[in-house]
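Visitor: One file is attached below, work.cif, containing mmCIF, C-alpha atoms and all ligand atoms.
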data_start
loop_
_atom_site.label_atom_id
_atom_site.label_comp_id
_atom_site.auth_asym_id
_atom_site.auth_seq_id
_atom_site.Cartn_x
_atom_site.Cartn_y
_atom_site.Cartn_z
CA MET S 1 124.60 89.79 113.84
CA GLU S 2 121.50 88.97 111.78
CA ASP S 3 121.44 85.34 110.51
CA LYS S 4 121.26 85.61 106.71
CA ASN S 5 119.60 82.18 106.40
CA LYS S 6 116.57 83.29 108.38
CA ILE S 7 113.45 83.94 106.34
CA LEU S 8 111.39 86.59 108.08
CA VAL S 9 107.66 87.12 107.67
CA THR S 10 108.40 90.36 105.88
CA SER S 11 111.27 92.55 104.76
CA PRO S 12 111.03 96.26 104.09
CA LEU S 13 110.93 97.72 100.61
CA LEU S 14 113.97 100.05 100.57
CA PRO S 15 114.66 102.91 98.17
CA SER S 16 118.06 103.30 96.52
CA LEU S 17 120.56 104.84 98.93
CA ASN S 18 121.99 107.06 96.21
CA GLU S 19 118.62 108.54 95.37
CA LEU S 20 117.84 109.03 99.04
CA GLN S 21 121.20 110.73 99.52
CA SER S 22 120.30 113.27 96.85
CA TYR S 23 117.03 114.08 98.67
CA LEU S 24 118.90 114.36 101.97
CA GLU S 25 121.30 116.86 100.43
CA ARG S 26 118.40 119.00 99.25
CA ILE S 27 116.71 118.81 102.65
CA TRP S 28 119.98 119.82 104.36
CA GLU S 29 120.29 122.70 101.95
CA ASP S 30 116.73 123.91 102.52
CA LYS S 31 116.88 123.41 106.30
CA TRP S 32 113.19 122.60 106.26
CA LEU S 33 112.69 119.34 108.16
CA THR S 34 109.02 119.02 109.02
CA ASN S 35 105.68 120.90 109.41
CA ASN S 36 104.10 120.54 105.98
CA GLY S 37 107.34 120.76 104.02
CA LYS S 38 107.60 120.51 100.25
CA TYR S 39 108.21 116.74 100.13
CA HIS S 40 105.29 116.21 102.49
CA GLN S 41 103.11 118.17 100.07
CA GLU S 42 104.56 116.30 97.08
CA LEU S 43 103.93 112.93 98.67
CA GLU S 44 100.32 113.80 99.54
CA LYS S 45 99.74 114.78 95.92
CA ALA S 46 101.50 111.71 94.52
CA LEU S 47 99.59 109.38 96.83
CA CYS S 48 96.25 110.95 95.88
CA GLU S 49 97.05 110.13 92.27
CA TYR S 50 98.40 106.66 92.92
CA LEU S 51 95.57 105.67 95.26
CA LYS S 52 92.86 107.44 93.21
CA VAL S 53 91.54 109.38 96.20
CA PRO S 54 90.78 113.10 96.47
CA TYR S 55 92.18 113.94 99.93
CA ILE S 56 94.95 112.43 101.97
CA SER S 57 96.69 113.59 105.14
CA LEU S 58 100.06 112.09 106.01
CA PHE S 59 100.83 110.98 109.55
CA THR S 60 103.80 109.72 111.55
CA ASN S 61 102.35 106.21 111.83
CA GLY S 62 99.17 104.23 111.19
CA THR S 63 97.79 104.46 114.74
CA LEU S 64 97.47 108.24 115.04
CA PRO S 65 95.18 108.60 111.99
CA LEU S 66 92.78 106.15 113.66
CA ILE S 67 92.80 108.19 116.85
CA VAL S 68 92.42 111.45 114.93
CA ALA S 69 89.66 110.06 112.67
CA LEU S 70 87.53 109.34 115.74
CA GLN S 71 88.17 112.90 117.00
CA ALA S 72 87.44 114.44 113.62
CA MET S 73 84.10 112.60 113.37
CA ARG S 74 83.36 113.41 117.05
CA ILE S 75 82.72 109.74 117.80
CA THR S 76 81.68 108.91 121.37
CA GLY S 77 79.90 106.12 123.28
CA GLU S 78 80.21 102.71 121.63
CA VAL S 79 81.82 101.64 118.36
CA ILE S 80 81.29 98.29 116.68
CA THR S 81 84.56 96.71 115.61
CA THR S 82 86.41 93.45 114.93
CA PRO S 83 88.62 91.51 117.35
CA TYR S 84 90.56 90.01 114.41
CA SER S 85 93.14 92.75 113.83
CA PHE S 86 96.31 94.26 115.18
CA VAL S 87 95.70 95.67 118.64
CA ALA S 88 96.11 99.29 117.44
CA THR S 89 92.59 99.20 115.96
CA THR S 90 90.92 98.82 119.36
CA HIS S 91 93.51 100.89 121.22
CA ALA S 92 92.46 103.87 119.07
CA LEU S 93 88.95 103.56 120.51
CA TRP S 94 90.25 103.20 124.06
CA TRP S 95 92.42 106.32 123.74
CA ASN S 96 89.26 108.24 122.82
CA GLY S 97 87.31 106.91 125.82
CA ILE S 98 85.07 104.89 123.49
CA LYS S 99 83.76 101.43 124.39
CA PRO S 100 84.65 98.80 121.77
CA VAL S 101 81.89 96.35 120.89
CA PHE S 102 83.26 93.28 119.13
CA VAL S 103 81.31 91.37 116.50
CA ASP S 104 82.34 88.12 114.89
CA ILE S 105 84.04 87.74 111.52
CA ASP S 106 83.23 86.01 108.27
CA LEU S 107 85.61 83.08 107.72
CA ALA S 108 85.58 83.68 103.96
CA THR S 109 87.49 86.97 104.36
CA GLY S 110 88.56 87.37 108.00
CA ASN S 111 86.56 90.62 108.06
CA MET S 112 83.68 91.76 110.26
CA ASP S 113 80.50 89.87 109.35
CA PRO S 114 77.91 92.54 108.39
CA GLN S 115 75.12 90.19 109.43
CA LYS S 116 76.32 90.40 113.05
CA ILE S 117 76.36 94.21 113.21
CA GLU S 118 72.69 95.08 113.77
CA ALA S 119 72.36 92.90 116.87
CA ALA S 120 75.30 94.78 118.43
CA ILE S 121 73.82 98.27 117.93
CA THR S 122 72.58 100.07 121.08
CA PRO S 123 71.41 103.67 121.66
CA LYS S 124 75.06 104.51 122.48
CA THR S 125 76.46 103.25 119.16
CA THR S 126 77.86 106.06 117.02
CA ALA S 127 80.12 104.32 114.51
CA ILE S 128 81.43 101.14 112.94
CA MET S 129 85.16 100.54 112.66
CA PRO S 130 85.89 97.57 110.37
CA VAL S 131 89.32 96.43 109.14
CA HIS S 132 90.17 95.21 105.62
CA VAL S 133 92.26 92.50 107.19
CA TYR S 134 95.25 91.27 105.09
CA GLY S 135 93.96 93.74 102.47
CA ASN S 136 90.80 91.65 101.85
CA PRO S 137 88.01 94.13 101.11
CA CYS S 138 85.16 94.26 103.63
CA ASP S 139 81.59 94.02 102.39
CA THR S 140 81.48 97.80 102.20
CA GLU S 141 78.00 97.99 100.66
CA ALA S 142 76.36 95.93 103.39
CA ILE S 143 78.20 97.90 106.09
CA GLN S 144 77.19 101.25 104.53
CA SER S 145 73.54 100.31 104.31
CA ILE S 146 73.46 99.44 108.03
CA ALA S 147 75.31 102.67 108.83
CA ASP S 148 72.80 104.68 106.78
CA LYS S 149 69.83 102.96 108.41
CA TYR S 150 71.06 103.79 111.94
CA GLY S 151 72.86 107.08 111.23
CA LEU S 152 76.31 105.73 112.08
CA LYS S 153 79.74 106.84 110.82
CA VAL S 154 82.08 104.28 109.24
CA ILE S 155 85.84 104.49 109.77
CA TYR S 156 87.86 101.83 107.98
CA ASP S 157 91.17 100.70 109.37
CA ALA S 158 92.72 100.09 105.95
CA ALA S 159 96.26 99.65 107.35
CA HIS S 160 96.77 96.57 105.13
CA ALA S 161 94.90 97.83 102.07
CA PHE S 162 97.37 100.13 100.30
CA GLY S 163 96.45 100.16 96.60
CA VAL S 164 93.62 97.64 96.93
CA GLU S 165 90.84 98.25 94.40
CA GLN S 166 87.43 96.72 93.83
CA ASN S 167 85.65 97.07 90.49
CA GLY S 168 88.28 99.60 89.41
CA LYS S 169 87.70 101.86 92.43
CA SER S 170 89.93 102.36 95.45
CA ILE S 171 88.70 100.51 98.51
CA LEU S 172 89.64 103.71 100.39
CA GLU S 173 86.58 105.43 98.94
CA ALA S 174 84.33 103.43 101.27
CA GLY S 175 82.99 104.87 104.51
CA ASP S 176 83.58 108.33 105.95
CA ILE S 177 87.30 107.92 106.55
CA SER S 178 89.95 105.28 105.90
CA THR S 179 93.39 105.04 107.44
CA LEU S 180 96.62 103.48 106.16
CA SER S 181 99.83 102.33 107.82
CA PHE S 182 103.16 102.90 106.10
CA HIS S 183 105.11 100.95 108.72
CA ALA S 184 108.34 99.23 107.64
CA THR S 185 106.51 95.89 107.57
CA LYS S 186 103.84 97.04 105.09
CA THR S 187 103.63 96.63 101.30
CA TYR S 188 104.44 100.34 100.97
CA ASN S 189 106.47 101.93 103.76
CA THR S 190 107.92 105.26 104.85
CA ILE S 191 109.80 103.54 107.76
CA GLU S 192 107.15 104.72 110.22
CA GLY S 193 104.19 106.48 108.69
CA GLY S 194 100.54 106.45 107.88
CA ALA S 195 97.72 108.40 106.32
CA LEU S 196 94.10 109.36 106.61
CA ILE S 197 91.84 109.45 103.57
CA CYS S 198 88.68 111.53 103.53
CA HIS S 199 86.24 112.69 100.87
CA ASP S 200 85.91 116.48 101.24
CA ALA S 201 88.13 119.53 101.65
CA LYS S 202 86.52 120.62 104.93
CA THR S 203 87.27 117.32 106.66
CA LYS S 204 90.82 117.34 105.28
CA GLU S 205 91.32 120.85 106.69
CA ARG S 206 90.04 119.81 110.12
CA ILE S 207 92.29 116.74 110.13
CA ASP S 208 95.32 118.81 109.16
CA TYR S 209 94.58 121.11 112.09
CA LEU S 210 94.13 118.15 114.43
CA LYS S 211 97.46 116.58 113.46
CA ASN S 212 99.18 119.93 114.18
CA PHE S 213 98.03 120.49 117.80
CA GLY S 214 94.76 122.00 116.57
CA PHE S 215 96.48 125.10 115.15
CA ALA S 216 94.49 126.96 112.47
CA GLY S 217 96.95 129.79 111.83
CA GLU S 218 99.66 131.16 114.09
CA THR S 219 97.56 132.08 117.09
CA THR S 220 94.33 130.09 116.85
CA VAL S 221 93.76 126.63 118.26
CA ILE S 222 90.43 125.16 117.20
CA ALA S 223 90.57 121.84 119.07
CA PRO S 224 92.82 119.81 121.36
CA GLY S 225 94.94 118.41 118.54
CA ILE S 226 97.97 116.18 118.65
CA ASN S 227 101.33 116.05 116.89
CA GLY S 228 100.96 113.57 114.02
CA LYS S 229 103.02 115.24 111.29
CA MET S 230 105.26 113.30 108.91
CA ASP S 231 108.73 114.78 108.53
CA GLU S 232 110.57 115.59 105.28
CA LEU S 233 113.00 112.65 105.46
CA ARG S 234 110.20 110.12 105.57
CA ALA S 235 108.23 111.96 102.91
CA ALA S 236 111.27 111.88 100.57
CA TYR S 237 111.79 108.19 101.32
CA GLY S 238 108.08 107.69 100.60
CA LEU S 239 108.36 109.44 97.21
CA LEU S 240 111.14 107.05 96.23
CA ASN S 241 109.31 103.95 97.42
CA LEU S 242 106.19 104.95 95.52
CA LYS S 243 108.16 104.59 92.27
CA GLN S 244 108.90 100.93 93.01
CA VAL S 245 105.81 99.75 94.86
CA ASP S 246 104.13 98.35 91.71
CA ASN S 247 107.15 96.13 91.07
CA ALA S 248 107.10 95.03 94.70
CA ILE S 249 103.40 94.10 94.44
CA GLU S 250 104.13 92.12 91.24
CA ALA S 251 106.89 90.23 93.04
CA ARG S 252 104.55 89.52 95.97
CA LYS S 253 101.93 88.24 93.55
CA ARG S 254 104.43 85.73 92.15
CA VAL S 255 105.11 84.52 95.70
CA ALA S 256 101.37 84.15 96.39
CA LEU S 257 100.84 82.18 93.17
CA ALA S 258 103.77 79.89 93.99
CA TYR S 259 102.44 79.23 97.51
CA ARG S 260 98.97 78.47 96.14
CA ALA S 261 100.34 76.11 93.48
CA GLY S 262 102.55 74.33 96.00
CA LEU S 263 99.94 73.96 98.74
CA LYS S 264 96.74 73.39 96.79
CA ASN S 265 96.80 69.61 97.29
CA THR S 266 97.97 69.68 100.90
CA LYS S 267 95.26 68.18 103.08
CA GLY S 268 94.36 70.36 106.04
CA ILE S 269 95.91 73.59 104.70
CA SER S 270 93.69 76.31 103.26
CA PHE S 271 94.25 79.89 102.13
CA PHE S 272 92.46 82.80 100.47
CA GLU S 273 92.15 82.84 96.69
CA ASP S 274 92.16 86.00 94.59
CA VAL S 275 88.70 87.56 94.48
CA PRO S 276 87.24 88.48 91.04
CA ASN S 277 87.28 92.25 90.38
CA VAL S 278 89.64 92.89 93.30
CA LYS S 279 93.14 94.26 92.69
CA SER S 280 95.09 92.84 95.61
CA ASN S 281 98.32 94.10 97.15
CA TYR S 282 99.44 90.66 98.45
CA SER S 283 100.32 92.18 101.78
CA TYR S 284 100.14 88.92 103.74
CA PHE S 285 99.87 85.21 102.93
CA PRO S 286 97.89 83.61 105.76
CA ILE S 287 97.34 79.85 105.75
CA PHE S 288 94.87 78.06 108.00
CA ILE S 289 95.67 74.67 109.52
CA ASP S 290 93.02 72.07 110.20
CA ALA S 291 94.97 69.96 112.71
CA LYS S 292 92.77 66.87 112.27
CA GLU S 293 93.29 66.76 108.53
CA TYR S 294 96.86 68.03 108.45
CA GLY S 295 98.07 65.79 111.27
CA ILE S 296 99.76 68.40 113.48
CA THR S 297 98.49 71.59 115.08
CA ARG S 298 99.08 75.17 113.98
CA ASP S 299 101.57 75.72 116.79
CA GLU S 300 103.44 72.51 116.00
CA LEU S 301 103.84 73.68 112.40
CA TYR S 302 104.72 77.21 113.51
CA PHE S 303 107.56 75.94 115.73
CA ARG S 304 108.67 73.37 113.16
CA LEU S 305 109.08 76.20 110.63
CA LYS S 306 110.92 78.21 113.27
CA GLU S 307 113.44 75.36 113.74
CA GLU S 308 114.10 75.72 110.00
CA LYS S 309 114.62 79.48 110.51
CA ILE S 310 111.37 80.29 108.72
CA LEU S 311 109.78 82.93 110.88
CA GLY S 312 106.13 83.17 109.93
CA ARG S 313 103.83 84.98 112.36
CA ARG S 314 100.49 84.11 113.92
CA TYR S 315 98.72 87.34 112.87
CA PHE S 316 96.16 87.79 114.49
CA TYR S 317 96.54 85.57 117.50
CA PRO S 318 95.60 86.18 120.25
CA LEU S 319 92.42 88.05 119.37
CA ILE S 320 92.29 91.64 120.63
CA SER S 321 89.34 90.60 122.81
CA GLU S 322 91.69 88.23 124.69
CA PHE S 323 94.07 90.96 125.87
CA SER S 324 93.60 91.96 129.52
CA THR S 325 92.40 95.50 128.70
CA TYR S 326 89.47 94.14 126.66
CA LYS S 327 88.84 90.65 128.05
CA GLU S 328 86.15 91.72 130.50
CA LEU S 329 84.02 93.52 127.91
CA PRO S 330 80.60 91.89 127.45
CA SER S 331 81.28 91.40 123.73
CA SER S 332 84.59 89.60 124.35
CA THR S 333 83.02 86.26 125.25
CA ARG S 334 84.17 83.29 123.19
CA ASN S 335 80.60 82.42 122.21
CA ASN S 336 80.17 85.83 120.61
CA LEU S 337 83.34 85.41 118.54
CA LEU S 338 83.48 81.77 117.49
CA ASN S 339 84.71 82.38 113.93
CA ALA S 340 87.32 84.87 115.08
CA HIS S 341 88.64 82.34 117.60
CA LYS S 342 88.73 79.65 114.96
CA MET S 343 90.73 81.82 112.57
CA ALA S 344 93.10 83.09 115.27
CA ASP S 345 93.75 79.56 116.53
CA ASN S 346 94.61 78.16 113.10
CA VAL S 347 96.46 80.92 111.26
CA ILE S 348 100.09 81.29 110.26
CA CYS S 349 101.13 84.16 108.00
CA LEU S 350 103.88 82.73 105.82
CA PRO S 351 106.81 84.91 104.77
CA MET S 352 105.58 87.34 102.14
CA HIS S 353 107.70 90.05 100.61
CA GLN S 354 109.27 91.26 97.39
CA GLY S 355 112.71 89.84 98.26
CA LEU S 356 111.75 86.15 98.51
CA THR S 357 113.40 83.91 95.92
CA ASP S 358 111.78 80.93 94.15
CA GLU S 359 114.09 78.70 96.23
CA ASP S 360 112.90 80.29 99.49
CA VAL S 361 109.28 79.69 98.59
CA LEU S 362 109.96 76.15 97.43
CA ARG S 363 111.77 75.33 100.67
CA ILE S 364 108.86 76.66 102.73
CA ILE S 365 106.37 74.64 100.68
CA GLN S 366 108.48 71.48 101.00
CA ILE S 367 108.67 71.78 104.77
CA ILE S 368 104.91 72.30 105.05
CA ASN S 369 104.25 69.37 102.75
N1 LIG C 401 95.85 98.71 112.13
C1 LIG C 401 96.24 97.53 111.67
C2 LIG C 401 95.23 96.61 111.11
C3 LIG C 401 97.60 97.17 111.72
O1 LIG C 401 98.00 95.95 111.26
C4 LIG C 401 98.54 98.08 112.24
C5 LIG C 401 99.95 97.74 112.31
C6 LIG C 401 98.07 99.33 112.70
C7 LIG C 401 96.71 99.60 112.62
C8 LIG C 401 98.97 100.37 113.26
O2 LIG C 401 99.85 100.90 112.29
P1 LIG C 401 101.30 101.48 112.78
O3 LIG C 401 101.03 102.47 113.89
O4 LIG C 401 102.15 100.32 113.21
O5 LIG C 401 101.82 102.15 111.53
C9 LIG C 401 104.01 94.76 113.11
C10 LIG C 401 104.04 96.25 112.80
O6 LIG C 401 104.84 96.96 113.74
C11 LIG C 401 102.68 96.89 112.73
O7 LIG C 401 102.84 98.08 111.99
C12 LIG C 401 101.67 96.01 112.01
N2 LIG C 401 100.34 96.57 112.02
C13 LIG C 401 101.66 94.64 112.63
C14 LIG C 401 100.68 93.71 111.93
O8 LIG C 401 102.95 94.06 112.50
P2 LIG C 401 105.04 93.36 115.04
O9 LIG C 401 105.02 93.52 116.51
O10 LIG C 401 104.66 92.05 114.47
O11 LIG C 401 106.45 93.83 114.42
P3 LIG C 401 107.86 93.14 114.48
O12 LIG C 401 108.84 94.13 114.99
O13 LIG C 401 107.78 91.85 115.21
O14 LIG C 401 108.20 92.91 112.95
C15 LIG C 401 107.60 91.88 112.19
C16 LIG C 401 108.63 91.28 111.26
O15 LIG C 401 109.07 92.22 110.31
C17 LIG C 401 109.88 90.78 111.97
O16 LIG C 401 109.92 89.38 111.89
C18 LIG C 401 111.05 91.30 111.19
C19 LIG C 401 110.48 92.15 110.10
N3 LIG C 401 111.04 93.50 110.16
C20 LIG C 401 110.52 94.40 111.03
C21 LIG C 401 111.00 95.68 111.10
C22 LIG C 401 110.42 96.67 112.07
C23 LIG C 401 112.08 93.85 109.32
O17 LIG C 401 112.57 93.00 108.55
N4 LIG C 401 112.56 95.12 109.35
C24 LIG C 401 112.07 96.05 110.21
O18 LIG C 401 112.52 97.21 110.19
O19 LIG C 401 104.05 94.50 114.46
#
Could you quickly redo this structure as structure tokens?
Guide:
Amino acid sequence: MEDKNKILVTSPLLPSLNELQSYLERIWEDKWLTNNGKYHQELEKALCEYLKVPYISLFTNGTLPLIVALQAMRITGEVITTPYSFVATTHALWWNGIKPVFVDIDLATGNMDPQKIEAAITPKTTAIMPVHVYGNPCDTEAIQSIADKYGLKVIYDAAHAFGVEQNGKSILEAGDISTLSFHATKTYNTIEGGALICHDAKTKERIDYLKNFGFAGETTVIAPGINGKMDELRAAYGLLNLKQVDNAIEARKRVALAYRAGLKNTKGISFFEDVPNVKSNYSYFPIFIDAKEYGITRDELYFRLKEEKILGRRYFYPLISEFSTYKELPSSTRNNLLNAHKMADNVICLPMHQGLTDEDVLRIIQIIN
């Protein structure tokens, strides 16, 4: 049985069972379970409004839209990306037979450093795939100007960036395509789920074909598509969670402010501050441990917290470039990725979710201090 005293890194936002039950009854009645059902259509529309984007395609998880985005943009050869992410980012390239080329990150955000991109471009480069890690916006202007100069596509893995805005605009407007994850562990979830955001009707149409085996009509297949469709149960669950996600983000913000207040004078612990003009979703609360100043190492603190049943996570350690599939790539050398190694070696993501109480947060702060 689950130990109730454990504090996990995250806890899913759950809709009311009663309200879900009423959707389930309607779905049972209609006997329409998947393949662009009415709740799927409703959720796409509602998300376009909420996220302030023109076109969205729902998926069964956050990995398939990455794989499909690369297909839709006909990306081949080499793609410049970041090693400081969840492994799905690079796996999406590998599944398309594309060679990942890692560039280092900027320690101020954890995101790909635009100044490192140009040196990594070769005649085989066709795209850049950055990640808004922890929901921190990438330097989208700098990335776009390099992409324009070299004729490259930009596909953002925005898995962590649900609802993030910069200067009043959705961060999902940047690049050619952005993708989201609606996994149970995310700020907004549909249990498993994800989405792809694009900027024109033609691309949306192509993506909808690709996520349905490539079918364009009953008897025509326009490309070797895949099955990425979200079903009606998850779409209904997603409609309900959308109604409460703002409250969840507010609750997360309170947790972030409490952590910052409690840790601001702790020598050897640092964290990200809110960025002016950025509407954050408080998806993660990473702290970085300087062992010399703090007195013990990241791992010592991580296991100390674990003894107290506080289960933070070391996202994103190890770096993707350290996994056996990618370790032998020329761009995976430590010297090429010094900042990324530094961040991965010192990070702990503290528990961050809408269900944390003031007492939980205080206890975590006291143990760290
Ligand atoms: N791109 C980026 C940048 C991503 O971060 C991700 C996923 C993707 C792409 C791919 O999107 P998806 O295909 O997954 O939609 C978790 C998530 O499974 C994964 O979605 C997420 N990123 C990644 C950062 O975290 P794990 O291996 O850490 O999950 P797990 O099972 O250890 O769960 C983490 C914690 O959450 C546990 O301590 C307990 C809690 N939890 C988890 C689940 C599943 C719950 O309380 N309830 C639950 O139902 O990968």
Visitor: Mind pulling up the distance from CA of Glu205 in chain S to CA of Glu29 in chain S?
Guide: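 Separating CA of Glu29 in chain S from CA of Glu205 in chain S is a distance of 29.4 Å.
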Visitor: Check the smallest atom-to-atom distance from each of S:Met352, S:Leu239, S:Ala120, S:Ile226 to ligand LIG 401 (chain C) using all atoms listed in the file, then report the winner.
Guide: S:Met352
Visitor: Using all atoms listed in the file, which protein or nucleic acid residues are at most 7 Å from ligand LIG 401 (chain C), as a compact mmCIF listing (two decimals) with C-alpha atoms, keeping the file's coordinate frame?
Guide:
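Result went into result.txt, see below:
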# COMPACT_ATOMS: atom_id res chain seq x y z
CA LEU S 8 111.39 86.59 108.08
CA VAL S 9 107.66 87.12 107.67
CA THR S 10 108.40 90.36 105.88
CA SER S 11 111.27 92.55 104.76
CA PRO S 12 111.03 96.26 104.09
CA ASN S 61 102.35 106.21 111.83
CA GLY S 62 99.17 104.23 111.19
CA THR S 63 97.79 104.46 114.74
CA LEU S 64 97.47 108.24 115.04
CA SER S 85 93.14 92.75 113.83
CA PHE S 86 96.31 94.26 115.18
CA ALA S 88 96.11 99.29 117.44
CA THR S 89 92.59 99.20 115.96
CA VAL S 131 89.32 96.43 109.14
CA VAL S 133 92.26 92.50 107.19
CA ASP S 157 91.17 100.70 109.37
CA ALA S 158 92.72 100.09 105.95
CA ALA S 159 96.26 99.65 107.35
CA HIS S 160 96.77 96.57 105.13
CA SER S 181 99.83 102.33 107.82
CA PHE S 182 103.16 102.90 106.10
CA HIS S 183 105.11 100.95 108.72
CA ALA S 184 108.34 99.23 107.64
CA THR S 185 106.51 95.89 107.57
CA GLU S 192 107.15 104.72 110.22
CA GLY S 193 104.19 106.48 108.69
CA GLY S 194 100.54 106.45 107.88
CA LEU S 311 109.78 82.93 110.88
CA TYR S 315 98.72 87.34 112.87
Visitor: Give the answer as one residue: which of S:Glu165, S:Glu232, S:Asp148, S:Glu308 has the shortest atom-to-atom distance to Ile128 in chain S, using all atoms listed in the file?
Guide: S:Asp148
Visitor: Given all atoms listed in the file as the basis, pick out the residue of S:Ala251, S:Ala216, S:Leu152, S:Val361 nearest to Glu118 in chain S.
Guide: S:Leu152
Visitor: Using all atoms listed in the file, which protein or nucleic acid residues come within 12 Å of Lys169 in chain S? Drop anything in the same chain fewer than 2 positions from it, and give the result as number ranges by chain.
Guide: S: 50-53, 137, 163-167, 171-174, 277-279
Visitor: Extract, using all atoms listed in the file, all DNA, RNA and protein residues at most 7 Å from Phe288 in chain S, discarding same-chain residues fewer than 4 positions from it, and format them as number ranges by chain.
Guide: S: 269-271, 346-348
Visitor: Next, dump the selected residues to file, keeping only C-alpha atoms, as a PDB file, keeping the file's coordinate frame.
Guide:
ATOM      1  CA  ILE S 269      95.910  73.590 104.700  1.00  0.00           C
ATOM      2  CA  SER S 270      93.690  76.310 103.260  1.00  0.00           C
ATOM      3  CA  PHE S 271      94.250  79.890 102.130  1.00  0.00           C
ATOM      4  CA  ASN S 346      94.610  78.160 113.100  1.00  0.00           C
ATOM      5  CA  VAL S 347      96.460  80.920 111.260  1.00  0.00           C
ATOM      6  CA  ILE S 348     100.090  81.290 110.260  1.00  0.00           C
TER       7      ILE S 348
END
Visitor: Kindly extract all protein, DNA and RNA residues lying within 12 Å of the coordinates (96.9, 98.7, 131.5) given in the file, considering only C-alpha atoms, and supply them as a count of residues only.
Guide: 8
Visitor: Would you compute the distance between CA of Tyr237 in chain S and CA of Ile191 in chain S? Give it in Å to one decimal.
Guide: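 Straight-line distance from CA of Tyr237 in chain S to CA of Ile191 in chain S works out to 8.2 Å.
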Visitor: Using all atoms listed in the file, can you tell me which of S:Lys204, S:Lys306, S:Lys149, S:Lys211 comes closest to Asn35 in chain S?
Guide: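 Looking only at the distances to Asn35 in chain S, the closest residue turns out to be S:Lys211.
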Visitor: As an exercise, work out the distance from CA of Lys186 in chain S to CA of Thr34 in chain S in Å and give it to one decimal place.
Guide: 22.9 Å
Visitor: Using all atoms listed in the file, which of S:Asp274, S:Glu250, S:Asp231, S:Asp358 sits nearest Lys38 in chain S?
Guide: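 Closest to Lys38 in chain S of all the choices is S:Asp231.
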